[in-house]
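**Q** Provided below: upload.cif, containing mmCIF, C-alpha atoms.
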data_data
loop_
_atom_site.label_atom_id
_atom_site.label_comp_id
_atom_site.auth_asym_id
_atom_site.auth_seq_id
_atom_site.Cartn_x
_atom_site.Cartn_y
_atom_site.Cartn_z
CA MET A 1 -30.15 16.19 -19.68
CA LYS A 2 -33.60 15.00 -18.70
CA PHE A 3 -35.66 16.64 -15.98
CA ALA A 4 -39.00 16.13 -14.28
CA THR A 5 -40.94 17.87 -11.54
CA LEU A 6 -42.34 15.65 -8.80
CA ARG A 7 -45.13 16.36 -6.35
CA ASN A 8 -43.93 17.50 -2.94
CA GLY A 9 -46.93 19.40 -1.65
CA ARG A 10 -45.72 22.74 -3.02
CA PRO A 11 -47.05 24.58 -6.11
CA ASP A 12 -43.81 24.32 -8.09
CA GLY A 13 -42.89 20.78 -7.05
CA GLN A 14 -39.42 19.24 -6.70
CA LEU A 15 -36.91 19.25 -9.54
CA VAL A 16 -35.30 15.89 -10.32
CA VAL A 17 -32.78 14.67 -12.87
CA VAL A 18 -33.98 11.57 -14.73
CA SER A 19 -31.79 8.80 -16.13
CA THR A 20 -31.35 8.37 -19.87
CA ASP A 21 -33.61 5.29 -19.87
CA LEU A 22 -36.31 7.15 -17.83
CA GLN A 23 -36.20 4.45 -15.15
CA ARG A 24 -34.58 6.31 -12.23
CA TYR A 25 -34.25 9.77 -10.82
CA VAL A 26 -32.25 11.72 -8.29
CA SER A 27 -33.23 14.95 -6.55
CA ALA A 28 -31.61 18.10 -7.88
CA GLY A 29 -32.44 20.00 -4.68
CA ARG A 30 -28.86 20.69 -3.66
CA ILE A 31 -28.33 22.47 -7.02
CA ALA A 32 -31.75 24.00 -7.77
CA PRO A 33 -35.14 23.50 -6.11
CA THR A 34 -37.30 23.96 -9.22
CA LEU A 35 -37.05 23.93 -12.98
CA GLN A 36 -37.76 27.66 -13.08
CA ALA A 37 -34.73 28.26 -10.87
CA VAL A 38 -32.59 26.41 -13.43
CA LEU A 39 -34.02 28.43 -16.31
CA ASP A 40 -33.31 31.65 -14.43
CA ASP A 41 -29.62 30.76 -14.03
CA TRP A 42 -29.09 28.26 -16.84
CA ASN A 43 -25.40 28.69 -17.63
CA ALA A 44 -24.34 28.61 -13.98
CA LEU A 45 -26.43 25.60 -12.90
CA THR A 46 -26.50 23.20 -15.84
CA PRO A 47 -22.89 21.96 -15.55
CA ALA A 48 -23.58 20.59 -12.06
CA LEU A 49 -26.90 19.13 -13.20
CA ALA A 50 -25.22 17.44 -16.16
CA ALA A 51 -22.63 15.93 -13.82
CA LEU A 52 -25.41 14.67 -11.56
CA GLY A 53 -27.14 13.04 -14.52
CA ALA A 54 -23.90 11.40 -15.63
CA GLN A 55 -23.39 9.93 -12.16
CA LEU A 56 -26.95 8.58 -12.21
CA ASP A 57 -26.46 6.96 -15.62
CA ALA A 58 -23.11 5.47 -14.59
CA GLY A 59 -24.60 3.89 -11.48
CA ALA A 60 -22.49 6.01 -9.12
CA ILE A 61 -25.82 7.15 -7.64
CA ALA A 62 -28.49 4.53 -7.09
CA GLY A 63 -31.41 6.89 -7.58
CA GLN A 64 -35.05 5.97 -7.08
CA PRO A 65 -37.58 4.41 -9.47
CA PHE A 66 -39.25 7.03 -11.65
CA ASP A 67 -43.05 6.89 -11.68
CA PRO A 68 -44.77 9.25 -14.17
CA ALA A 69 -47.86 9.23 -11.95
CA SER A 70 -45.91 11.22 -9.36
CA ALA A 71 -44.95 13.90 -11.89
CA MET A 72 -46.47 17.33 -12.22
CA ALA A 73 -46.18 19.41 -15.38
CA PRO A 74 -42.46 20.20 -15.77
CA LEU A 75 -43.38 23.83 -15.08
CA PRO A 76 -46.58 23.51 -13.02
CA ARG A 77 -47.10 27.27 -13.29
CA ALA A 78 -45.22 29.07 -16.02
CA TYR A 79 -44.66 32.75 -16.65
CA GLN A 80 -46.15 32.35 -20.11
CA TRP A 81 -47.70 29.69 -22.36
CA ILE A 82 -47.98 30.68 -26.03
CA ASP A 83 -49.36 28.32 -28.65
CA GLY A 84 -48.58 28.74 -32.32
CA ALA A 85 -49.85 27.27 -35.57
CA GLY A 86 -46.81 25.63 -37.08
CA TYR A 87 -48.61 23.09 -39.27
CA MET A 88 -50.72 24.53 -42.07
CA GLY A 89 -52.22 21.08 -42.62
CA HIS A 90 -54.07 21.45 -39.33
CA LEU A 91 -55.51 24.83 -40.29
CA GLU A 92 -56.46 23.55 -43.71
CA ARG A 93 -58.46 20.71 -42.18
CA VAL A 94 -60.25 22.58 -39.40
CA ARG A 95 -60.72 25.96 -41.08
CA SER A 96 -61.73 27.17 -44.53
CA LEU A 97 -58.85 29.31 -45.76
CA GLN A 98 -60.32 29.88 -49.22
CA GLY A 99 -61.68 33.39 -49.43
CA SER A 100 -60.58 34.24 -45.91
CA ILE A 101 -59.41 37.85 -45.62
CA ASP A 102 -56.47 36.75 -43.50
CA ALA A 103 -55.51 33.70 -45.56
CA GLU A 104 -52.28 35.32 -46.76
CA LEU A 105 -51.37 36.36 -43.23
CA GLN A 106 -51.87 32.84 -41.97
CA SER A 107 -49.41 31.40 -44.48
CA THR A 108 -46.73 34.07 -44.14
CA ARG A 109 -46.84 34.85 -40.42
CA PRO A 110 -47.83 32.32 -37.75
CA LEU A 111 -50.96 32.63 -35.68
CA LEU A 112 -50.41 32.73 -31.91
CA TYR A 113 -52.60 32.72 -28.85
CA GLN A 114 -51.69 33.26 -25.21
CA GLY A 115 -53.09 30.51 -23.02
CA GLY A 116 -53.50 30.16 -19.28
CA SER A 117 -50.29 29.11 -17.58
CA ASP A 118 -51.09 29.46 -13.88
CA SER A 119 -52.13 25.81 -13.48
CA LEU A 120 -50.66 23.50 -16.09
CA SER A 121 -51.60 19.82 -15.81
CA GLY A 122 -49.35 16.85 -15.16
CA PRO A 123 -49.22 13.77 -17.39
CA THR A 124 -51.72 11.70 -15.40
CA ASP A 125 -53.95 14.47 -14.06
CA PRO A 126 -57.57 14.02 -15.16
CA ILE A 127 -59.01 16.30 -17.83
CA VAL A 128 -61.78 17.87 -15.78
CA ILE A 129 -64.66 19.49 -17.67
CA PRO A 130 -67.43 21.57 -16.06
CA GLU A 131 -70.19 19.83 -18.02
CA ASP A 132 -70.66 17.28 -20.77
CA GLY A 133 -71.45 18.26 -24.35
CA LEU A 134 -68.67 20.83 -24.82
CA ALA A 135 -67.01 18.85 -27.65
CA LEU A 136 -63.85 18.03 -25.72
CA ASP A 137 -60.85 17.46 -27.96
CA PHE A 138 -57.16 16.67 -27.54
CA GLU A 139 -54.44 18.45 -29.56
CA ALA A 140 -51.05 16.71 -29.69
CA GLU A 141 -48.16 19.17 -29.92
CA VAL A 142 -44.44 19.63 -29.40
CA ALA A 143 -43.50 22.27 -26.83
CA VAL A 144 -40.25 24.06 -26.10
CA ILE A 145 -39.27 25.91 -22.92
CA LEU A 146 -37.19 29.01 -23.40
CA GLY A 147 -34.50 31.07 -21.79
CA HIS A 148 -34.69 34.86 -22.08
CA VAL A 149 -35.62 36.11 -25.57
CA PRO A 150 -35.12 39.81 -26.44
CA MET A 151 -37.70 41.86 -28.28
CA ARG A 152 -37.27 41.65 -32.06
CA ALA A 153 -35.13 38.54 -31.68
CA THR A 154 -33.45 37.15 -34.78
CA ARG A 155 -34.00 33.54 -35.82
CA GLU A 156 -30.56 32.74 -34.45
CA GLN A 157 -31.36 34.29 -31.08
CA ALA A 158 -34.71 32.51 -31.01
CA ALA A 159 -33.15 29.12 -31.75
CA ALA A 160 -30.41 29.67 -29.15
CA ALA A 161 -33.06 30.35 -26.49
CA ILE A 162 -34.57 26.84 -26.73
CA ARG A 163 -33.60 25.13 -23.50
CA LEU A 164 -35.91 22.10 -23.27
CA VAL A 165 -38.26 20.05 -25.43
CA THR A 166 -41.34 17.93 -24.60
CA VAL A 167 -44.84 17.13 -25.86
CA CYS A 168 -48.16 18.47 -24.66
CA ASN A 169 -51.93 18.15 -25.01
CA ASP A 170 -53.48 21.54 -25.78
CA VAL A 171 -56.97 20.60 -24.59
CA SER A 172 -59.86 22.27 -26.46
CA LEU A 173 -63.58 22.67 -25.85
CA ARG A 174 -64.70 22.97 -29.49
CA ARG A 175 -68.24 24.14 -28.76
CA LEU A 176 -66.86 27.23 -27.02
CA VAL A 177 -64.37 28.20 -29.74
CA ALA A 178 -66.84 30.24 -31.80
CA ASP A 179 -68.04 32.22 -28.79
CA ASP A 180 -64.48 33.02 -27.77
CA LEU A 181 -63.45 34.14 -31.25
CA GLN A 182 -66.59 36.19 -31.86
CA ASN A 183 -65.93 38.32 -28.80
CA GLY A 184 -62.79 39.59 -30.53
CA PHE A 185 -60.38 38.76 -27.72
CA GLY A 186 -59.45 35.23 -28.83
CA PHE A 187 -59.46 31.92 -26.96
CA PHE A 188 -60.35 31.87 -23.29
CA HIS A 189 -63.08 29.49 -22.10
CA ALA A 190 -62.40 27.13 -25.00
CA LYS A 191 -58.89 26.43 -23.72
CA PRO A 192 -58.72 24.81 -20.28
CA SER A 193 -55.49 23.60 -18.67
CA THR A 194 -52.83 22.29 -21.05
CA SER A 195 -51.25 18.93 -20.12
CA PHE A 196 -47.57 18.04 -20.42
CA ALA A 197 -45.49 14.88 -20.66
CA PRO A 198 -43.51 14.13 -17.49
CA ILE A 199 -40.02 14.58 -18.97
CA VAL A 200 -38.33 17.60 -20.56
CA ILE A 201 -35.10 17.05 -22.47
CA THR A 202 -32.33 19.36 -23.63
CA PRO A 203 -32.03 19.45 -27.44
CA ASP A 204 -28.47 18.05 -27.36
CA ALA A 205 -29.76 14.92 -25.59
CA LEU A 206 -32.29 14.25 -28.38
CA ILE A 207 -29.54 12.70 -30.45
CA GLY A 208 -30.52 12.41 -34.11
CA THR A 209 -34.12 13.43 -33.51
CA TRP A 210 -33.77 17.17 -32.86
CA ARG A 211 -32.46 18.85 -36.00
CA ASP A 212 -33.46 21.86 -38.08
CA ASN A 213 -35.12 23.18 -34.92
CA ARG A 214 -37.83 20.55 -35.04
CA LEU A 215 -38.51 17.17 -33.45
CA HIS A 216 -38.25 14.32 -35.96
CA LEU A 217 -40.36 11.76 -34.11
CA PRO A 218 -43.87 10.37 -34.51
CA VAL A 219 -46.28 11.39 -31.78
CA ARG A 220 -48.73 8.57 -31.10
CA ILE A 221 -52.26 9.27 -29.86
CA THR A 222 -54.75 6.69 -28.64
CA VAL A 223 -58.21 7.00 -27.14
CA ASN A 224 -59.27 4.00 -25.05
CA ASP A 225 -56.32 2.14 -26.67
CA ALA A 226 -57.64 2.78 -30.20
CA LEU A 227 -55.04 4.41 -32.45
CA TYR A 228 -56.12 7.88 -33.61
CA GLY A 229 -52.84 9.11 -35.03
CA GLN A 230 -49.07 9.00 -35.15
CA PRO A 231 -48.05 12.00 -37.27
CA ASN A 232 -44.36 12.81 -37.45
CA ALA A 233 -43.63 16.14 -35.77
CA GLY A 234 -40.73 16.84 -38.13
CA VAL A 235 -42.80 16.52 -41.32
CA ASP A 236 -44.91 19.23 -43.02
CA VAL A 237 -43.74 21.96 -40.65
CA HIS A 238 -44.68 25.33 -42.15
CA PHE A 239 -43.41 27.49 -39.27
CA ASP A 240 -40.52 26.10 -37.21
CA PHE A 241 -39.82 27.04 -33.61
CA PRO A 242 -37.43 29.94 -34.32
CA THR A 243 -40.16 31.48 -36.49
CA LEU A 244 -42.79 31.01 -33.78
CA ILE A 245 -40.48 32.38 -31.08
CA ALA A 246 -39.41 35.40 -33.13
CA GLU A 247 -43.04 36.19 -33.91
CA ALA A 248 -43.95 35.97 -30.22
CA ALA A 249 -41.09 38.37 -29.43
CA ARG A 250 -42.04 40.85 -32.15
CA THR A 251 -43.37 43.41 -29.65
CA ARG A 252 -42.14 42.09 -26.28
CA THR A 253 -39.35 40.27 -24.53
CA LEU A 254 -40.02 36.69 -23.43
CA ALA A 255 -39.00 35.72 -19.91
CA ALA A 256 -37.03 32.60 -19.12
CA GLY A 257 -39.63 29.91 -18.51
CA THR A 258 -41.88 30.89 -21.41
CA ILE A 259 -43.37 27.82 -23.13
CA ILE A 260 -44.06 27.82 -26.89
CA GLY A 261 -46.29 25.20 -28.51
CA SER A 262 -45.93 24.02 -32.10
CA GLY A 263 -49.65 23.85 -32.80
CA THR A 264 -51.41 20.58 -33.53
CA ILE A 265 -49.08 18.19 -35.38
CA ALA A 266 -50.50 17.47 -38.82
CA ASN A 267 -49.13 15.54 -41.80
CA HIS A 268 -50.68 15.65 -45.26
CA HIS A 269 -52.56 12.45 -46.17
CA GLU A 270 -55.93 11.18 -47.40
CA GLU A 271 -56.76 8.85 -44.51
CA SER A 272 -59.83 8.72 -42.30
CA LEU A 273 -60.43 6.85 -39.07
CA PRO A 274 -59.92 4.05 -38.28
CA ILE A 275 -56.32 4.00 -39.48
CA LYS A 276 -54.01 1.05 -40.01
CA ARG A 277 -51.12 0.26 -37.69
CA ASP A 278 -48.74 2.08 -40.03
CA GLY A 279 -51.16 4.91 -40.76
CA ILE A 280 -50.61 8.59 -40.00
CA GLY A 281 -53.98 9.67 -38.64
CA PHE A 282 -54.70 12.87 -36.78
CA GLY A 283 -53.39 15.02 -33.94
CA CYS A 284 -56.91 16.04 -32.91
CA ILE A 285 -60.50 14.84 -33.32
CA ALA A 286 -61.66 17.98 -35.14
CA GLU A 287 -59.40 17.13 -38.10
CA ALA A 288 -60.76 13.59 -38.29
CA ARG A 289 -64.34 14.89 -38.23
CA THR A 290 -63.65 17.40 -41.00
CA VAL A 291 -62.25 14.67 -43.24
CA GLU A 292 -65.28 12.48 -42.48
CA LYS A 293 -67.68 15.27 -43.45
CA ILE A 294 -65.92 15.59 -46.81
CA LYS A 295 -65.68 11.83 -47.50
CA TYR A 296 -68.92 10.56 -45.99
CA GLY A 297 -71.17 13.61 -45.72
CA LYS A 298 -71.14 13.64 -41.92
CA ALA A 299 -68.76 13.37 -39.00
CA ARG A 300 -68.60 9.91 -37.42
CA THR A 301 -65.92 10.21 -34.74
CA PRO A 302 -67.31 11.50 -31.43
CA PHE A 303 -65.55 14.01 -29.24
CA LEU A 304 -64.23 12.84 -25.88
CA LYS A 305 -66.64 11.95 -23.13
CA PRO A 306 -66.30 11.29 -19.38
CA GLY A 307 -64.43 8.05 -18.77
CA ASP A 308 -62.40 8.18 -21.98
CA VAL A 309 -58.63 7.78 -21.61
CA VAL A 310 -56.32 9.76 -23.92
CA ARG A 311 -52.69 8.77 -24.32
CA ILE A 312 -50.13 10.92 -26.14
CA GLY A 313 -46.41 10.23 -26.46
CA ALA A 314 -43.47 10.70 -28.81
CA VAL A 315 -42.07 7.36 -29.90
CA GLY A 316 -38.40 6.61 -30.56
CA ALA A 317 -36.94 4.24 -33.15
CA ASP A 318 -36.93 1.51 -30.51
CA GLY A 319 -40.67 1.90 -29.96
CA GLN A 320 -40.18 3.36 -26.49
CA THR A 321 -41.61 6.60 -25.20
CA VAL A 322 -39.13 9.50 -25.33
CA PHE A 323 -40.63 12.04 -22.92
CA GLY A 324 -42.87 9.65 -21.03
CA ASP A 325 -46.56 9.54 -21.94
CA ILE A 326 -49.45 11.82 -21.19
CA GLU A 327 -52.23 9.49 -20.03
CA GLN A 328 -55.39 11.22 -18.84
CA ARG A 329 -58.94 10.20 -18.06
CA VAL A 330 -61.80 12.59 -18.79
CA ALA A 331 -63.86 13.47 -15.70
CA LEU A 332 -66.82 15.71 -14.94
CA LEU A 333 -66.39 18.39 -12.31
CA THR A 334 -67.77 17.31 -8.94
CA ARG A 335 -68.61 19.62 -6.08
#
Turn this file's structure into structure tokens for me.

**A**
Amino acid sequence: MKFATLRNGRPDGQLVVVSTDLQRYVSAGRIAPTLQAVLDDWNALTPALAALGAQLDAGAIAGQPFDPASAMAPLPRAYQWIDGAGYMGHLERVRSLQGSIDAELQSTRPLLYQGGSDSLSGPTDPIVIPEDGLALDFEAEVAVILGHVPMRATREQAAAAIRLVTVCNDVSLRRLVADDLQNGFGFFHAKPSTSFAPIVITPDALIGTWRDNRLHLPVRITVNDALYGQPNAGVDVHFDFPTLIAEAARTRTLAAGTIIGSGTIANHHEESLPIKRDGIGFGCIAEARTVEKIKYGKARTPFLKPGDVVRIGAVGADGQTVFGDIEQRVALLTR
């Protein structure tokens, strides 16, 4: 099944079922008004939603053209957004693990942070920054949306709780990271609203690409149409989703509607920007800059600036977008 949330003037939007080819949709309002309502009563509601999707795909329902620009985040306000660090390659590039007192912890138990989830951004919403010069960066990730997870969940329970899969942009203001971490309470100002692709998909509908509890697809990132990266989300995964979920549930239960991020997708390679058409590249600018400092003595790739357009999307074997693309323009806050 494939779902989206469309704008309807209300904070949680309108739940729709989207066709397999992402071209059409039909309202799910007679079954459930919002995606959160489905997550709250998953087993009871999904059979009817699956039947509705099958009718749409078979042409028994005409549906309406699907426009990603009309989509909100699948969960415009979520009970919880937790981001993990599933790819050690990302940490190795942006942080010095050698000699770190928590280096062993980082490789044996995943890092997590709890982000703001009260106003998650849609795929074409602008990335609004309060001022220039904050070292704005994108971070391309896979995200899963969960059903209820009990405290001290097993890996099996954690995996069984994965209801939906998508991709997201965990936006970062790099110049504020140090201040946030030095205050001892973790990320806050450095992490503005996270952006999500328009479509969420059940794992069973990701035929051949969701296995071993990870998404085996490249996630392509461009800035102003220049290719920055296309790392494969299923490669070089150090902590898979059941591990991240179980760690998040170590001291608490997780409510249905909790979103877990994979951390910035990172594959091991020796490339620097610009990359070739078949290159791997980077899931964030900070990684590219770190590599440049090592290879050339200084960083050459600038952070994002007002007017830049970032595009992030998982790409199928046919070259088509799988969850729809995140496509956002950077804008300064206006009053």

**Q** Which residues fall under the PyMOL selection byres ((chain A and resi 258-271) around 6) in this file, as a PDB file with C-alpha atoms, in the frame of the given file?

**A**
ATOM      1  CA  TYR A  79     -44.660  32.750 -16.650  1.00  0.00           C
ATOM      2  CA  GLN A  80     -46.150  32.350 -20.110  1.00  0.00           C
ATOM      3  CA  TRP A  81     -47.700  29.690 -22.360  1.00  0.00           C
ATOM      4  CA  ILE A  82     -47.980  30.680 -26.030  1.00  0.00           C
ATOM      5  CA  ASP A  83     -49.360  28.320 -28.650  1.00  0.00           C
ATOM      6  CA  GLY A  84     -48.580  28.740 -32.320  1.00  0.00           C
ATOM      7  CA  ALA A  85     -49.850  27.270 -35.570  1.00  0.00           C
ATOM      8  CA  GLY A  86     -46.810  25.630 -37.080  1.00  0.00           C
ATOM      9  CA  TYR A  87     -48.610  23.090 -39.270  1.00  0.00           C
ATOM     10  CA  GLY A  89     -52.220  21.080 -42.620  1.00  0.00           C
ATOM     11  CA  HIS A  90     -54.070  21.450 -39.330  1.00  0.00           C
ATOM     12  CA  GLU A 139     -54.440  18.450 -29.560  1.00  0.00           C
ATOM     13  CA  ALA A 140     -51.050  16.710 -29.690  1.00  0.00           C
ATOM     14  CA  GLU A 141     -48.160  19.170 -29.920  1.00  0.00           C
ATOM     15  CA  VAL A 142     -44.440  19.630 -29.400  1.00  0.00           C
ATOM     16  CA  ALA A 143     -43.500  22.270 -26.830  1.00  0.00           C
ATOM     17  CA  VAL A 144     -40.250  24.060 -26.100  1.00  0.00           C
ATOM     18  CA  ILE A 145     -39.270  25.910 -22.920  1.00  0.00           C
ATOM     19  CA  LEU A 146     -37.190  29.010 -23.400  1.00  0.00           C
ATOM     20  CA  PRO A 231     -48.050  12.000 -37.270  1.00  0.00           C
ATOM     21  CA  ALA A 233     -43.630  16.140 -35.770  1.00  0.00           C
ATOM     22  CA  ASP A 236     -44.910  19.230 -43.020  1.00  0.00           C
ATOM     23  CA  ALA A 255     -39.000  35.720 -19.910  1.00  0.00           C
ATOM     24  CA  ALA A 256     -37.030  32.600 -19.120  1.00  0.00           C
ATOM     25  CA  GLY A 257     -39.630  29.910 -18.510  1.00  0.00           C
ATOM     26  CA  SER A 272     -59.830   8.720 -42.300  1.00  0.00           C
ATOM     27  CA  GLY A 283     -53.390  15.020 -33.940  1.00  0.00           C
TER      28      GLY A 283
END

**Q** For this file, the PyMOL selection byres ((chain A and resi 222) around 10) selects which residues, as a list in words?

**A**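 Output of the PyMOL selection byres ((chain A and resi 222) around 10): Arg220, Ile221, Val223, Asn224, Asp225, Ala226, Leu227, Tyr228, Gly229, Gln230, Gly283, Val309, Val310, Arg311, Ile312, Gly313 and Glu327 of chain A.
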
**Q** Name the residues that the PyMOL selection byres ((chain A and resi 11) around 10) picks from the file above, as a list in words, using the file's chain letters and numbers.

**A**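 Evaluating the PyMOL selection byres ((chain A and resi 11) around 10) on this file yields Arg7, Asn8, Gly9, Arg10, Asp12, Gly13, Gln14, Met72, Leu75, Pro76, Arg77 and Ser119 of chain A.
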
**Q** For a quick check of understanding, using only C-alpha atoms, which of A:Asp118, A:Asp40, A:Glu156, A:Asp137 has the smallest distance to Ala190 in chain A?

**A**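 Using only C-alpha atoms, the shortest distance to Ala190 in chain A belongs to A:Asp137.
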
**Q** Take CA of Leu120 in chain A and CA of Ile326 in chain A and report the distance between them in Å, one decimal.

**A**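 Between CA of Leu120 in chain A and CA of Ile326 in chain A the gap works out to 12.8 Å.
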
**Q** Between A:Val315, A:Leu6, A:Val16, A:Val94, which residue has the minimum interatomic distance to Ile294 in chain A, considering only C-alpha atoms?

**A**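 Counting only C-alpha atoms, the residue closest to Ile294 in chain A is A:Val94.
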
**Q** Nearest residue to Lys2 in chain A out of A:Ala205, A:Ala178, A:Ala331, A:Ala317, using all atoms listed in the file?

**A**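 Among A:Ala205, A:Ala178, A:Ala331, A:Ala317, it is A:Ala205 that comes nearest to Lys2 in chain A.
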
**Q** Taking into account only C-alpha atoms, which residue in the set A:Ile245, A:Val38, A:Ile201, A:Leu304 is nearest to Pro150 in chain A?

**A** A:Ile245

**Q** Just how far from CA of Arg252 in chain A is CA of Asp41 in chain A, in Å to one decimal?

**A**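 If I compute the distance from CA of Asp41 in chain A to CA of Arg252 in chain A, I get 20.9 Å.
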
**Q** Just to confirm, what's the straight-line distance from CA of Asp57 in chain A to CA of Ala161 in chain A in Å (one decimal)?

**A**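 Value for the CA of Asp57 in chain A-CA of Ala161 in chain A distance: 26.6 Å.
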
**Q** Extending 5 Å beyond the listed atoms of range 309-327 of chain A on each side, what axis-aligned box results? I want centre and edge lengths in Å to one decimal, as lines of an AutoDock Vina configuration file.

**A**
center_x = -47.8
center_y = 6.8
center_z = -26.6
size_x = 31.7
size_y = 20.5
size_z = 23.1

**Q** Which one of A:Arg174, A:Arg155, A:Lys295, A:Arg335 sits closest to Phe241 in chain A if you count all atoms listed in the file?

**A**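 Going through A:Arg174, A:Arg155, A:Lys295, A:Arg335 one by one, the smallest distance to Phe241 in chain A is for A:Arg155.
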
**Q** In terms of the shortest atom-to-atom distance over all atoms listed in the file, which of A:Phe3, A:Phe196, A:Phe66, A:Phe188 is closest to Leu49 in chain A?

**A**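 Checking each candidate against Leu49 in chain A, we get A:Phe3 as the closest.
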
**Q** Within 8 Å of range 59-61 of chain A, counting only C-alpha atoms, which residues show up once you throw out same-chain ones fewer than 3 positions away? Write them as a list of chain:residue names, please.

**A** A:Val26, A:Gln55, A:Leu56

**Q** Select all residues near (-56.7, 8.4, -15.0) (cut-off 7 Å, inclusive, file coordinates), counting all atoms listed in the file, and output them as a compact mmCIF listing (two decimals) with C-alpha atoms, in the frame of the given file.

**A**
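This went into point31.txt:
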# COMPACT_ATOMS: atom_id res chain seq x y z
CA THR A 124 -51.72 11.70 -15.40
CA ASP A 125 -53.95 14.47 -14.06
CA PRO A 126 -57.57 14.02 -15.16
CA VAL A 309 -58.63 7.78 -21.61
CA GLU A 327 -52.23 9.49 -20.03
CA GLN A 328 -55.39 11.22 -18.84
CA ARG A 329 -58.94 10.20 -18.06
